[in-house]
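Trainee: This is the structure I have questions about; it appears just below.
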Amino acid sequence: MKIRTISVLLFLLFSVPIYGQNRIKITGYVRDADGSPLELVVVQVKNTLIGAMTNEKGFYTLSTTPADSLTLVYSCLGYTKAERIIPSAQSDMQLNVQMNYNAFSLGEVAVTASRRQVTTMESVDAGKVRFIPDPAGGSIESLVVTFAGVTSNNELSSQYSVRGGSYDENLIYVNGLEVFRPLLIRSGQQEGLSFVNPDMTESVSFAAGGFEARYGDKMSSVLDITYKKPEKIEGSASASFLGANAYVGSSSGKFTQVTGFRYKTGRSLLKTMDTDAEYDPAFIDLQTYMTYSFAPKWEVNLLGNIASNQFSFTPFSRETAFGTTRNITNFKVYFQGQEQDKFQTSFGAITLKHTPNEWIEMGIQASAFNSREEEQYDISGEYWINESGADSPQDTEESLSPLSVGHYQEHARNRLRSSVVNVAHYGSARIKAHTLKWGMTAQFEKISDQISEWEKRDSAGYSLPYTGQHVRVISNLYANHTMESARFFGYLQEVFRFRTRQGLFTLTGGIRGSYWAYNKEWIFSPRASAGFVPNANQDLTFRLAAGVYYQPPFYKELRRVVREENGNEVVELNGQLKSQRSIHFIAGADYAFQAIGRRFKFTTEWYYKKLDNLNPYTVNNVKIRYYGENCAKGYAMGADFKFFGEFVPGTDSWLSFSVMKARQTIRETTRAPLPTSPGYALSLFFQDYFPGYQRLKLNLTGVLSGRLPVTPPHSGYETRYYETSPYRRIDLGLSYMLAGGTDAIMDRGLFRHLKHVWLGVDLFNLFDIKNINSYHWITDINNAQHAVPNYLTGRQLNLRLLVDF
């Protein structure tokens with residue numbers, strides 16, 4: 001018995017070290033797509049109970065037995081599960097992994113729901129915004145407009161306002177490169193396509209304020225787009241009443257490319273407006289993004305874009321009824337003439353990227369933007385304004401009381417040429433829990449601008465403005481300028497993450513500086529944010545952000561209209577104009593929870609923006625005309641709320657609500673609201689499917705925003721301003737999968753090369769609400785002005801076909 005006991009002890013004594021000698025150790029770091037360490041990632045040997053968890057630095061270590069092949073599984077809430085196969089696990093090794101943000105399917109739109117938002121950047125993976133009913137033809141901006149704090153009052157335009165800021169205060173980046181818009185566009189009908197191609201888009205990040213120092217000098221928001229790098233051949237083609245799109249992507253190991261073509265015509269949609277006209281819009285866009293890894297640690301990227309927007313408009317007549325039910329005013333006009341506009345832009349960029357190791361990345365970029373813009377029109381009209389009472393039939397001559405009869409003529413020959421060239425260096429380095437980013441850019445601009453426009457009006461046979469002595473046009477404008485300038489800017493920022501007993505902290509701080517040779521101005525912009533995830537309740541996230549945000553003037557802001565002694569108006573460039581400034585203070589929180597077995601998240605942000613050195617402006621449709629002076633100050637304050645979740649099982653939707661107050665004081669005497677501050681906004685994105693039949697999907701978007709201030713033409717807020725009616729709109733889309741997935745037909749003929757075939761129908765402006773975007777102003781013999789509303793598009797049906805391959 002004693003010998004047997006000794007034998008067992010000897011076996012255990014010797015077997016333990018032998019067992020230990022037959023194990024290997026696997027260590028490594030896990031980081032997200034931004035290169036930041038990921039904590040609480042579960043690392044497990046597949047089909048075993050052997051595992052570990054990463055610490056606050058993203059580091060893990062685990063021990064396992066040697067094997068000919070084993071698979072490690074990496075999983076973390078809010079990120080896509082990753083697997084790594086080790087072909088021969090015979091000795092200790094290090095394995096580093098990058099995890100991508102988790103994307104929940106929204107029928108070709110995916111939204112990051114579970115990722116902790118410790119900064120003001122909101123992430124959206126919108127690779128294909130194809131099922132969203134969008135009168136603008138399908139754009140990323142149509143999704144952004146449904147975010148909290150973002151408003152738009154024109155369905156024909158991709159431009160938007162954020163927390164009371166103007167359209168010009170929003171940054172747009174594509175693959176780290178700032179993109180530019182044409183400058184002469186004055187209406188949504190002219191605008192055409194957004195620069196961003198949704199078919200080519202991999203991911204989207206958006207901040208409504210308080211963004212990092214690595215982003216440029218604008219006062220409101222940043223939209224950061226990343227184009228995809230395909231891993232295999234992919235593509236799609238679609239066609240609808242609004243145009244056609246197609247893209248193809250491919251990969252051959254070292255080389256990847258994605259190329260997209262878009263064509264848009266809004267002819268059918270524009271015909272729902274009050275003006276009976278021959279509309280001939282044609283907008284064409286071709287883009288390509290290519291990458292080539294010519295060495296293990298080197299990569300070169302090429303981004304190219306050519307766009308041609310042509311808008312032809314020949315009006316015949318217009319009839320508009322407006323006013324109250326008891327006091328209806330009718331405006332009728334017969335036209336002669338036409339408008340011909342052309343906007344041609346090209347953009348090219350090349351990036352050389354070097355990654356010496358997994359902690360450091362550096363790159364050099366060069367890009368060039370060129371724009372050729374022409375706007376010309378000669379349109380005259382004979383008009384009548386009549387008033388009818390509530391009890392009188394509106395179609396009889398006896399019921400109509402003439403208010404004004406007259407004639408007007410509008411003329412313009414405007415041309416603008418612009419080119420922007422820049423060369424930049426950027427880099428990032430990770431040192432333990434710190435991530436350092438830096439960059440510097442030299443930018444050179446040349447702009448040539450020629451403006452020649454005038455408007456003549458007469459009422460009852462008298463030219464206006466009527467003086468009783470001589471004839472004058474009511475307005476004219478002339479400019480002939482060429483401007484060349486250089487800008488230099490750079491940034492330095494750090495991200496530091498650490499954990500205490502209270503929770504996980506993320507601190508981001510940086511400074512941005514720039515110099516513009518034209519007005520010889522230096523500006524420095526410090527920015528900082530802090531995020532906190534408490535250990536006590538990791539469903540909560542808190543964040544704070546503050547910073548100084550400048551907006552150096554671009555060419556359009558420099559233009560100042562001056563009236564000469566002879567009554568003519570000319571444009572001069574104000575070389576003393578300085579940057580506008582906005583100081584942001586933001587506090588926000590997220591709460592993630594489950595109810596009725598589904599995921600939900602509630603988000604809120606409260607903000608205050610102190611505005612000074614403002615350059616006031618007026619808005620007519622989407623055309624912004626600046627005072628050209630730093631003569632105002634103001635503030636913007638408010639709160640944004642967003643409720644996100646599975647309102648329908650298996651689909652993600654959200655409801656956003658914003659309330660704001662934004663005011664400005666001009667020349668210390670005039671107090672007025674900011675032109676793009678509606679006071680409140682409610683927006684909805686909702687997705688549904690028929691129970692038990694997911695081939696048929698529904699997408700619905702809705703927008704409700706408050707009144708906006710408008711001024712008569714050629715006048716500012718010092719005289720008077722009016723308010724538009726609230727903007728209200730609901731668009732509905734239905735999509736049916738004709739073929740795809742496991743359907744038997746997918747194994748036959750041409751269908752073998754396809755993934756899905758979708759047929760869709762959209763109903764724009766479901767309730768046929770007459771929204772007002774701007775006014776047409778008529779002057780009578782007494783120089784009194786009448787504001788005739790320009791109604792936007794009415795209800796319209798759109799059919800579309802989409803094929804994936």
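Chain identifiers are assigned as A, B, and so on, following the order in which chains appear in the structure tokens; residues are numbered from 1 within each chain, and ligands are numbered from 1 in order of appearance.
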For A:Asn330, work out the shell of residues within 7 Å, counting only C-alpha atoms and skipping chain neighbours fewer than 2 positions away, then give it as a PyMOL selection string.
Mentor: chain A and resi 320-322+328+332+385-387
Trainee: Residues of the last selection are to be written out with C-alpha atoms, as a PDB file, in the first residue's frame.
Mentor:
ATOM      1  CA  THR A 320     -49.014  80.031 -57.443  1.00  0.00           C
ATOM      2  CA  ALA A 321     -51.735  80.457 -54.833  1.00  0.00           C
ATOM      3  CA  PHE A 322     -50.721  81.483 -51.335  1.00  0.00           C
ATOM      4  CA  ILE A 328     -56.000  83.906 -51.044  1.00  0.00           C
ATOM      5  CA  LYS A 332     -49.563  84.243 -62.412  1.00  0.00           C
ATOM      6  CA  ILE A 385     -51.070  89.392 -58.628  1.00  0.00           C
ATOM      7  CA  ASN A 386     -54.714  89.121 -57.665  1.00  0.00           C
ATOM      8  CA  GLU A 387     -56.495  88.737 -54.371  1.00  0.00           C
TER       9      GLU A 387
END
Trainee: Using only C-alpha atoms, which residues sit within 10 Å of A:Val118 once same-chain residues fewer than 4 positions away are excluded, as a PyMOL selection string?
Mentor: chain A and resi 122+504-508+529-533+541-544+588-590
Trainee: Using only C-alpha atoms, determine which residues lie at most 7 Å from A:Ser240, disregarding the query and same-chain residues fewer than 6 positions distant; provide the list as a PyMOL selection string.
Mentor: chain A and resi 798-801
Trainee: Take the residues that were just selected and, keeping C-alpha atoms, output them as an mmCIF file, in the first residue's frame.
Mentor:
data_model
loop_
_atom_site.group_PDB
_atom_site.id
_atom_site.type_symbol
_atom_site.label_atom_id
_atom_site.label_comp_id
_atom_site.auth_asym_id
_atom_site.auth_seq_id
_atom_site.Cartn_x
_atom_site.Cartn_y
_atom_site.Cartn_z
ATOM 1 C CA ASN A 798 -40.170 56.670 -58.492
ATOM 2 C CA LEU A 799 -39.390 53.152 -59.732
ATOM 3 C CA ARG A 800 -35.962 51.595 -59.423
ATOM 4 C CA LEU A 801 -34.165 48.351 -60.282
#
Trainee: Hey, could you make a per-residue contact list for stretch 670-704 of chain A against stretch 140-164 of chain A with 10 Å as the cut-off, showing the nearest pair of atoms and its distance in Å to one decimal, counting only C-alpha atoms, sorted by chain and number, as JSON lines?
Mentor:
{"residue": "A:Pro673", "atom": "CA", "partner": "A:Gly164", "partner_atom": "CA", "distance": 9.2}
{"residue": "A:Leu674", "atom": "CA", "partner": "A:Gly164", "partner_atom": "CA", "distance": 6.5}
{"residue": "A:Pro675", "atom": "CA", "partner": "A:Gly164", "partner_atom": "CA", "distance": 7.7}
{"residue": "A:Thr676", "atom": "CA", "partner": "A:Gly164", "partner_atom": "CA", "distance": 5.3}
{"residue": "A:Ser677", "atom": "CA", "partner": "A:Gly164", "partner_atom": "CA", "distance": 4.2}
{"residue": "A:Pro678", "atom": "CA", "partner": "A:Gly164", "partner_atom": "CA", "distance": 7.5}
{"residue": "A:Gly679", "atom": "CA", "partner": "A:Gly164", "partner_atom": "CA", "distance": 8.5}
{"residue": "A:Tyr680", "atom": "CA", "partner": "A:Gly149", "partner_atom": "CA", "distance": 9.0}
{"residue": "A:Ala681", "atom": "CA", "partner": "A:Thr151", "partner_atom": "CA", "distance": 6.8}
{"residue": "A:Leu682", "atom": "CA", "partner": "A:Ala148", "partner_atom": "CA", "distance": 8.1}
{"residue": "A:Ser683", "atom": "CA", "partner": "A:Thr146", "partner_atom": "CA", "distance": 5.1}
{"residue": "A:Leu684", "atom": "CA", "partner": "A:Thr146", "partner_atom": "CA", "distance": 6.0}
{"residue": "A:Phe685", "atom": "CA", "partner": "A:Thr146", "partner_atom": "CA", "distance": 6.6}
{"residue": "A:Thr701", "atom": "CA", "partner": "A:Thr146", "partner_atom": "CA", "distance": 7.7}
{"residue": "A:Gly702", "atom": "CA", "partner": "A:Thr146", "partner_atom": "CA", "distance": 7.9}
{"residue": "A:Val703", "atom": "CA", "partner": "A:Thr146", "partner_atom": "CA", "distance": 7.4}
{"residue": "A:Leu704", "atom": "CA", "partner": "A:Thr151", "partner_atom": "CA", "distance": 8.9}
Trainee: With C-alpha atoms kept, could you save the residues just selected as an mmCIF file, in the first residue's frame?
Mentor:
data_model
loop_
_atom_site.group_PDB
_atom_site.id
_atom_site.type_symbol
_atom_site.label_atom_id
_atom_site.label_comp_id
_atom_site.auth_asym_id
_atom_site.auth_seq_id
_atom_site.Cartn_x
_atom_site.Cartn_y
_atom_site.Cartn_z
ATOM 1 C CA PRO A 673 -31.672 84.696 -35.494
ATOM 2 C CA LEU A 674 -28.966 82.901 -37.419
ATOM 3 C CA PRO A 675 -30.274 82.241 -40.971
ATOM 4 C CA THR A 676 -30.066 78.435 -40.710
ATOM 5 C CA SER A 677 -31.370 77.973 -37.172
ATOM 6 C CA PRO A 678 -34.879 76.435 -37.236
ATOM 7 C CA GLY A 679 -35.390 76.349 -33.453
ATOM 8 C CA TYR A 680 -36.338 72.671 -33.442
ATOM 9 C CA ALA A 681 -36.001 69.595 -35.645
ATOM 10 C CA LEU A 682 -37.496 66.116 -35.567
ATOM 11 C CA SER A 683 -36.241 63.393 -37.914
ATOM 12 C CA LEU A 684 -36.905 59.702 -38.349
ATOM 13 C CA PHE A 685 -35.318 56.759 -40.091
ATOM 14 C CA THR A 701 -37.628 58.866 -43.621
ATOM 15 C CA GLY A 702 -39.321 61.863 -42.086
ATOM 16 C CA VAL A 703 -38.224 65.414 -41.339
ATOM 17 C CA LEU A 704 -39.909 68.217 -39.428
#
Trainee: Would you give me, as a count of residues only, the residues in stretch 171-350 of chain A that DSSP reads as helix (DSSP H, G or I)?
Mentor: 11
Trainee: Please determine, counting only C-alpha atoms, which residue among A:Gln98, A:Ser236, A:Ser419, A:Asn621 has the shortest atom-to-atom distance to A:Leu802.
Mentor: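 Once distances to A:Leu802 are computed over only C-alpha atoms, the minimum belongs to A:Ser236.
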Trainee: Between A:Tyr722, A:Tyr791, A:Phe805, A:Tyr550, which is the closest to A:Lys218 once you count only C-alpha atoms?
Mentor: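 With only C-alpha atoms as the atom set, the closest residue is A:Tyr550.
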Trainee: So, counting only C-alpha atoms, which residue among A:Pro315, A:Pro230, A:Gly192, A:Gly323 is closest to A:Pro789?
Mentor: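 Of A:Pro315, A:Pro230, A:Gly192, A:Gly323, the one nearest A:Pro789 is A:Gly323, counting only C-alpha atoms.
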